[in-house]
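Undergrad: Please find input-v2.tsv (TSV, C-alpha atoms) on the next line:
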```
chain	number	residue	atom	x	y	z
X	280	MET	CA	39.67	-297.77	-128.80
X	281	ARG	CA	38.06	-298.02	-132.23
X	282	LEU	CA	37.56	-301.78	-131.82
X	283	PHE	CA	35.98	-301.24	-128.39
X	284	LEU	CA	33.56	-298.66	-129.81
X	285	ARG	CA	32.60	-301.03	-132.60
X	286	PHE	CA	31.96	-303.78	-130.07
X	287	VAL	CA	29.79	-301.43	-127.99
X	288	GLY	CA	27.94	-300.26	-131.11
X	289	ALA	CA	27.21	-303.83	-132.23
X	290	ALA	CA	26.11	-304.90	-128.75
X	291	LEU	CA	23.88	-301.83	-128.46
X	292	MET	CA	22.21	-302.57	-131.80
X	293	ILE	CA	21.59	-306.20	-130.85
X	294	VAL	CA	20.17	-305.35	-127.43
X	295	LEU	CA	17.93	-302.53	-128.67
X	296	LEU	CA	16.53	-304.52	-131.58
X	297	GLY	CA	16.01	-307.52	-129.30
X	298	LEU	CA	14.05	-305.39	-126.86
X	299	MET	CA	11.92	-303.85	-129.59
X	300	LEU	CA	11.12	-307.16	-131.25
X	301	ALA	CA	10.52	-309.23	-128.11
X	302	PRO	CA	6.94	-310.32	-127.57
X	303	GLY	CA	5.13	-308.11	-125.12
X	304	GLY	CA	1.83	-306.62	-124.13
X	305	THR	CA	0.25	-303.26	-124.69
X	306	ILE	CA	1.37	-300.13	-122.87
X	307	ASP	CA	-1.05	-298.40	-120.53
X	308	GLY	CA	-1.87	-294.71	-120.99
X	309	GLU	CA	0.42	-293.44	-118.22
X	310	ALA	CA	3.50	-295.14	-119.65
X	311	VAL	CA	3.06	-293.85	-123.22
X	312	ILE	CA	5.30	-290.80	-122.72
X	313	TRP	CA	8.10	-293.01	-121.37
X	314	ASP	CA	7.68	-295.38	-124.32
X	315	LYS	CA	8.10	-292.50	-126.76
X	316	ALA	CA	11.12	-291.18	-124.82
X	317	ALA	CA	12.65	-294.66	-124.95
X	318	HIS	CA	12.14	-294.79	-128.73
X	319	PHE	CA	13.65	-291.30	-129.09
X	320	ILE	CA	16.78	-292.25	-127.12
X	321	ALA	CA	17.09	-295.73	-128.62
X	322	PHE	CA	17.08	-294.49	-132.19
X	323	GLY	CA	19.56	-291.73	-131.42
X	324	LEU	CA	21.81	-294.51	-130.11
X	325	ILE	CA	21.09	-296.66	-133.17
X	326	LEU	CA	22.30	-293.82	-135.39
X	327	TRP	CA	25.43	-293.54	-133.25
X	328	SER	CA	25.94	-297.31	-133.55
X	329	ARG	CA	25.59	-297.17	-137.33
X	330	GLY	CA	28.19	-294.41	-137.44
X	331	VAL	CA	30.62	-296.39	-135.31
X	332	LEU	CA	30.14	-299.68	-137.15
X	333	PHE	CA	30.19	-298.22	-140.65
X	334	ARG	CA	32.48	-295.21	-140.47
X	335	ARG	CA	32.50	-294.53	-144.20
X	336	LEU	CA	28.72	-294.57	-144.50
X	337	PRO	CA	27.49	-291.00	-145.00
X	338	ARG	CA	25.63	-289.79	-141.94
X	339	LEU	CA	22.53	-288.91	-143.93
X	340	GLY	CA	22.49	-292.44	-145.37
X	341	ALA	CA	22.89	-293.86	-141.86
X	342	ALA	CA	20.00	-291.68	-140.68
X	343	VAL	CA	17.71	-292.88	-143.47
X	344	PHE	CA	18.70	-296.48	-142.70
X	345	ALA	CA	17.99	-295.98	-138.98
X	346	VAL	CA	14.50	-294.64	-139.73
X	347	ALA	CA	13.96	-297.61	-142.07
X	348	ILE	CA	14.90	-299.92	-139.18
X	349	GLY	CA	12.27	-298.13	-137.07
X	350	ALA	CA	9.63	-298.65	-139.76
X	351	ALA	CA	10.57	-302.32	-140.11
X	352	VAL	CA	10.38	-302.79	-136.34
X	353	GLU	CA	6.86	-301.37	-136.29
X	354	VAL	CA	5.78	-303.76	-139.06
X	355	VAL	CA	7.33	-306.78	-137.32
X	356	GLN	CA	5.80	-305.84	-133.97
X	357	ALA	CA	2.35	-306.60	-135.36
X	358	TYR	CA	3.45	-310.23	-135.79
X	359	VAL	CA	5.02	-310.72	-132.34
X	360	GLY	CA	2.05	-309.67	-130.24
X	361	ARG	CA	2.89	-306.00	-129.86
X	362	ASP	CA	1.08	-302.90	-131.02
X	363	PRO	CA	2.69	-301.07	-133.96
X	364	SER	CA	2.40	-297.31	-133.65
X	365	TRP	CA	2.86	-294.28	-135.88
X	366	GLY	CA	3.80	-292.40	-132.71
X	367	ASP	CA	6.70	-294.78	-132.15
X	368	LEU	CA	7.92	-294.21	-135.70
X	369	LEU	CA	7.66	-290.46	-135.17
X	370	ALA	CA	9.66	-290.73	-131.93
X	371	ASP	CA	12.23	-292.89	-133.77
X	372	SER	CA	12.55	-290.29	-136.53
X	373	LEU	CA	12.88	-287.42	-134.05
X	374	GLY	CA	15.59	-289.31	-132.14
X	375	VAL	CA	17.53	-289.93	-135.35
X	376	SER	CA	17.09	-286.29	-136.46
X	377	THR	CA	18.25	-284.97	-133.10
X	378	ALA	CA	21.31	-287.26	-133.09
X	379	LEU	CA	22.13	-286.19	-136.65
X	380	MET	CA	21.85	-282.52	-135.70
X	381	MET	CA	24.00	-283.04	-132.60
X	382	TRP	CA	26.66	-284.67	-134.77
X	383	ALA	CA	26.54	-281.78	-137.26
X	384	VAL	CA	26.85	-279.17	-134.50
X	385	TRP	CA	29.69	-281.10	-132.86
X	386	ARG	CA	31.55	-281.24	-136.19
X	387	GLY	CA	30.84	-277.60	-136.91
X	388	PHE	CA	28.77	-278.54	-140.00
X	389	ARG	CA	31.98	-279.54	-141.78
X	390	PRO	CA	32.00	-282.69	-143.91
X	391	ARG	CA	33.73	-285.82	-142.64
X	392	GLU	CA	36.58	-285.34	-145.14
X	393	ALA	CA	37.69	-282.22	-143.24
X	394	PHE	CA	38.66	-284.45	-140.29
X	395	GLN	CA	40.41	-287.19	-142.21
X	396	THR	CA	44.11	-286.99	-142.84
X	397	SER	CA	46.04	-288.56	-145.64
X	398	ASN	CA	49.14	-290.64	-144.97
X	399	THR	CA	50.44	-290.27	-148.52
X	400	ARG	CA	53.55	-288.17	-148.83
```
Starting from the coordinates I provided, produce the structure as C-alpha cells.

TA:
Amino acid sequence: MRLFLRFVGAALMIVLLGLMLAPGGTIDGEAVIWDKAAHFIAFGLILWSRGVLFRRLPRLGAAVFAVAIGAAVEVVQAYVGRDPSWGDLLADSLGVSTALMMWAVWRGFRPREAFQTSNTR
C-alpha cells in the first residue's frame, strides 16, 4: 500500500506541476474564483504528496517547501505565457496551511514520533 501511495503522490505532483506550467492564456473575470479554488486544492494535494513521498520530512518543512514550489511556479509562469498572480500564491499558501492543519487535527496534534514503533527488543 505504501508503494501505491508513493506512486499516486509522484503522479499527482507531476500532473499538477505540468498543468500549472503549461502555456496558456489569461483567465476571464468569472473564472477567477475557480482558479483560486483550484490552486487551494492543488497545493493541499501537493503537501499530501510531499508527505507521502518523503515520510521523514517534517510536515512544517514540507509545508514551507510546498509554498516555495507555489512561488517558483508563479515566477516561471511569466516566461511561459501565463499571468503570475499574488492571489494564486495566497491561494497556494492557504491550501497548504489548511492541509497542514487538517493533518495536525487528524493526528491529535501529536508529533510523528508518537505513531512510530520501534522493532528493537

Undergrad: Suppose you want the space between atom CA of Pro363 of chain X and atom CA of Ala350 of chain X; what is it in Å?

TA: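 Separation between atom CA of Pro363 of chain X and atom CA of Ala350 of chain X: 9.4 Å.
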
Undergrad: List as a ChimeraX atom specification: which residues have an atom within 12 Å of (26.4, -302.6, -139.9), counting only C-alpha atoms?

TA: /X:285-286,288-293,325-336,341,344-345,348

Undergrad: Which residue out of X:Ile312, X:Met381, X:Met299, X:Leu373 has the minimum interatomic distance to Val359 of chain X when only C-alpha atoms are used?

TA: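 Among the listed residues, X:Met299 lies closest to Val359 of chain X.
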
Undergrad: Show which residues sit within 7 Å of segment 313-317 of chain X, as a PyMOL selection string. Count only C-alpha atoms, and ignore same-chain residues fewer than 4 positions away.

TA: chain X and resi 321+367+370

Undergrad: Please measure the separation of atom CA of Thr377 of chain X and atom CA of Leu296 of chain X, giving the value in Å to one decimal.

TA: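 Value for the atom CA of Thr377 of chain X-atom CA of Leu296 of chain X distance: 19.7 Å.
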
Undergrad: Point out the residue among X:Leu284, X:Val375, X:Val352, X:Leu324 with the least atom-to-atom distance to Leu298 of chain X, counting all atoms listed in the file.

TA: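 For Leu298 of chain X, the nearest of the given residues is X:Val352.
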
Undergrad: Please indicate the distance in Å from atom CA of Ile320 of chain X to atom CA of Ala357 of chain X, rounded to one decimal place.

TA: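 Interatomic distance here is 22.0 Å.
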
Undergrad: For Ser372 of chain X, please output as a PyMOL selection string all residues within 10 Å (counting only C-alpha atoms; exclusion window: fewer than 4 positions along the same chain).

TA: chain X and resi 318-319+322-323+342-343+345-347+349-350+366-368+376-378
